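Novice: To start, I am sharing the structure in question, which I have written as structure tokens.
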Amino acid sequence: MWLLDQWAERHISDAQRKGDFDNLPGSGEPLVLDDDSFIAPELRAGYRLLKNAGCLPPELEQRKEAVELADLLKGIREDDPRHKELSRRLALVELKLRQAGMNTDFLRGEYSERLMQKINEE
């Protein structure tokens, strides 16, 4: 065992004996763990680290940007000078998403319309 590991284990054991870990919030409750079973085992630690740091994979960053651009476009008129530039940026991001193999139907609201139709049918 490494020196640092021994040091940490000794401090943990001392704290347990003193009762420092007694009555902590959530004590005795099950841990809420993310389901990462679909991620390859060798990538899980890296993905968890990136997630905890607030980083998203490039495809999800682009998806987020596309949703933001689509929302901006909905809020401005077509004769607004910004409309053309925002449309161009959205088209570029949508192209990148398609090249990455992602579906871009979420930008046009088709999915939500079909979902509402399905719900109303029942």
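In the structure tokens, chains take letters A, B, ... by order of appearance, with residues numbered from 1 within each chain and ligands from 1 in the order shown.
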Give me the residues near segment 3-11 of chain A as JSON, numbers by chain, where near means some atom within 12 Å (using only C-alpha atoms) and where sequence neighbours in that chain fewer than 4 positions away do not count.
Specialist: {"A": [15, 16, 17, 18, 20, 21]}
Novice: With only C-alpha atoms as the counted atoms, please give the residues lying no more than 10 Å from Leu72 of chain A, apart from itself and same-chain residues fewer than 6 positions off, as a PyMOL selection string.
Specialist: chain A and resi 66+82-83+86-87
Novice: Which residues are close to Val67 of chain A, i.e. within 12 Å by only C-alpha atoms, leaving aside same-chain residues fewer than 4 positions away? Reply as a PyMOL selection string.
Specialist: chain A and resi 60-63+71-74+86+89-91+93-94+97+104-109
Novice: When DSSP works through the backbone of this structure, what residues of segment 51-81 of chain A end up as helix (DSSP H, G or I), shown as a PDB file with N, CA and C atoms, in the first residue's frame?
Specialist:
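Dumped to result_3.pdb:
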ATOM      1  N   LYS A  51     -18.586  15.202 -16.540  1.00  0.00           N
ATOM      2  CA  LYS A  51     -19.942  15.578 -16.133  1.00  0.00           C
ATOM      3  C   LYS A  51     -19.907  16.425 -14.865  1.00  0.00           C
ATOM      4  N   ASN A  52     -19.117  16.011 -13.896  1.00  0.00           N
ATOM      5  CA  ASN A  52     -19.022  16.766 -12.641  1.00  0.00           C
ATOM      6  C   ASN A  52     -18.396  18.141 -12.844  1.00  0.00           C
ATOM      7  N   PRO A  58     -19.104  17.194 -27.363  1.00  0.00           N
ATOM      8  CA  PRO A  58     -19.311  18.196 -28.414  1.00  0.00           C
ATOM      9  C   PRO A  58     -20.703  18.132 -29.056  1.00  0.00           C
ATOM     10  N   GLU A  59     -21.214  16.929 -29.289  1.00  0.00           N
ATOM     11  CA  GLU A  59     -22.521  16.795 -29.926  1.00  0.00           C
ATOM     12  C   GLU A  59     -23.630  17.403 -29.064  1.00  0.00           C
ATOM     13  N   LEU A  60     -23.529  17.211 -27.743  1.00  0.00           N
ATOM     14  CA  LEU A  60     -24.552  17.765 -26.864  1.00  0.00           C
ATOM     15  C   LEU A  60     -24.397  19.276 -26.713  1.00  0.00           C
ATOM     16  N   GLU A  61     -23.161  19.769 -26.759  1.00  0.00           N
ATOM     17  CA  GLU A  61     -22.946  21.216 -26.756  1.00  0.00           C
ATOM     18  C   GLU A  61     -23.579  21.829 -28.004  1.00  0.00           C
ATOM     19  N   GLN A  62     -23.384  21.157 -29.151  1.00  0.00           N
ATOM     20  CA  GLN A  62     -23.962  21.662 -30.395  1.00  0.00           C
ATOM     21  C   GLN A  62     -25.483  21.574 -30.361  1.00  0.00           C
ATOM     22  N   ARG A  63     -26.018  20.521 -29.780  1.00  0.00           N
ATOM     23  CA  ARG A  63     -27.469  20.400 -29.663  1.00  0.00           C
ATOM     24  C   ARG A  63     -28.027  21.535 -28.799  1.00  0.00           C
ATOM     25  N   LYS A  64     -27.340  21.816 -27.708  1.00  0.00           N
ATOM     26  CA  LYS A  64     -27.759  22.893 -26.819  1.00  0.00           C
ATOM     27  C   LYS A  64     -27.716  24.229 -27.561  1.00  0.00           C
ATOM     28  N   GLU A  65     -26.652  24.453 -28.324  1.00  0.00           N
ATOM     29  CA  GLU A  65     -26.530  25.685 -29.100  1.00  0.00           C
ATOM     30  C   GLU A  65     -27.640  25.784 -30.143  1.00  0.00           C
ATOM     31  N   ALA A  66     -27.976  24.661 -30.783  1.00  0.00           N
ATOM     32  CA  ALA A  66     -29.028  24.657 -31.795  1.00  0.00           C
ATOM     33  C   ALA A  66     -30.378  25.018 -31.182  1.00  0.00           C
ATOM     34  N   VAL A  67     -30.664  24.482 -30.016  1.00  0.00           N
ATOM     35  CA  VAL A  67     -31.930  24.798 -29.341  1.00  0.00           C
ATOM     36  C   VAL A  67     -31.977  26.277 -28.983  1.00  0.00           C
ATOM     37  N   GLU A  68     -30.872  26.811 -28.485  1.00  0.00           N
ATOM     38  CA  GLU A  68     -30.819  28.236 -28.142  1.00  0.00           C
ATOM     39  C   GLU A  68     -31.020  29.108 -29.378  1.00  0.00           C
ATOM     40  N   LEU A  69     -30.377  28.745 -30.494  1.00  0.00           N
ATOM     41  CA  LEU A  69     -30.540  29.517 -31.727  1.00  0.00           C
ATOM     42  C   LEU A  69     -31.975  29.443 -32.242  1.00  0.00           C
ATOM     43  N   ALA A  70     -32.574  28.260 -32.182  1.00  0.00           N
ATOM     44  CA  ALA A  70     -33.961  28.105 -32.630  1.00  0.00           C
ATOM     45  C   ALA A  70     -34.896  28.956 -31.769  1.00  0.00           C
ATOM     46  N   ASP A  71     -34.643  28.994 -30.478  1.00  0.00           N
ATOM     47  CA  ASP A  71     -35.460  29.825 -29.586  1.00  0.00           C
ATOM     48  C   ASP A  71     -35.293  31.310 -29.908  1.00  0.00           C
ATOM     49  N   LEU A  72     -34.066  31.731 -30.192  1.00  0.00           N
ATOM     50  CA  LEU A  72     -33.832  33.127 -30.567  1.00  0.00           C
ATOM     51  C   LEU A  72     -34.558  33.485 -31.861  1.00  0.00           C
ATOM     52  N   LEU A  73     -34.515  32.560 -32.824  1.00  0.00           N
ATOM     53  CA  LEU A  73     -35.185  32.807 -34.098  1.00  0.00           C
ATOM     54  C   LEU A  73     -36.697  32.922 -33.941  1.00  0.00           C
ATOM     55  N   LYS A  74     -37.255  32.173 -33.019  1.00  0.00           N
ATOM     56  CA  LYS A  74     -38.697  32.254 -32.786  1.00  0.00           C
ATOM     57  C   LYS A  74     -39.088  33.608 -32.216  1.00  0.00           C
ATOM     58  N   PRO A  81     -32.428  42.341 -38.835  1.00  0.00           N
ATOM     59  CA  PRO A  81     -31.101  42.073 -39.424  1.00  0.00           C
ATOM     60  C   PRO A  81     -30.388  40.861 -38.815  1.00  0.00           C
TER      61      PRO A  81
END
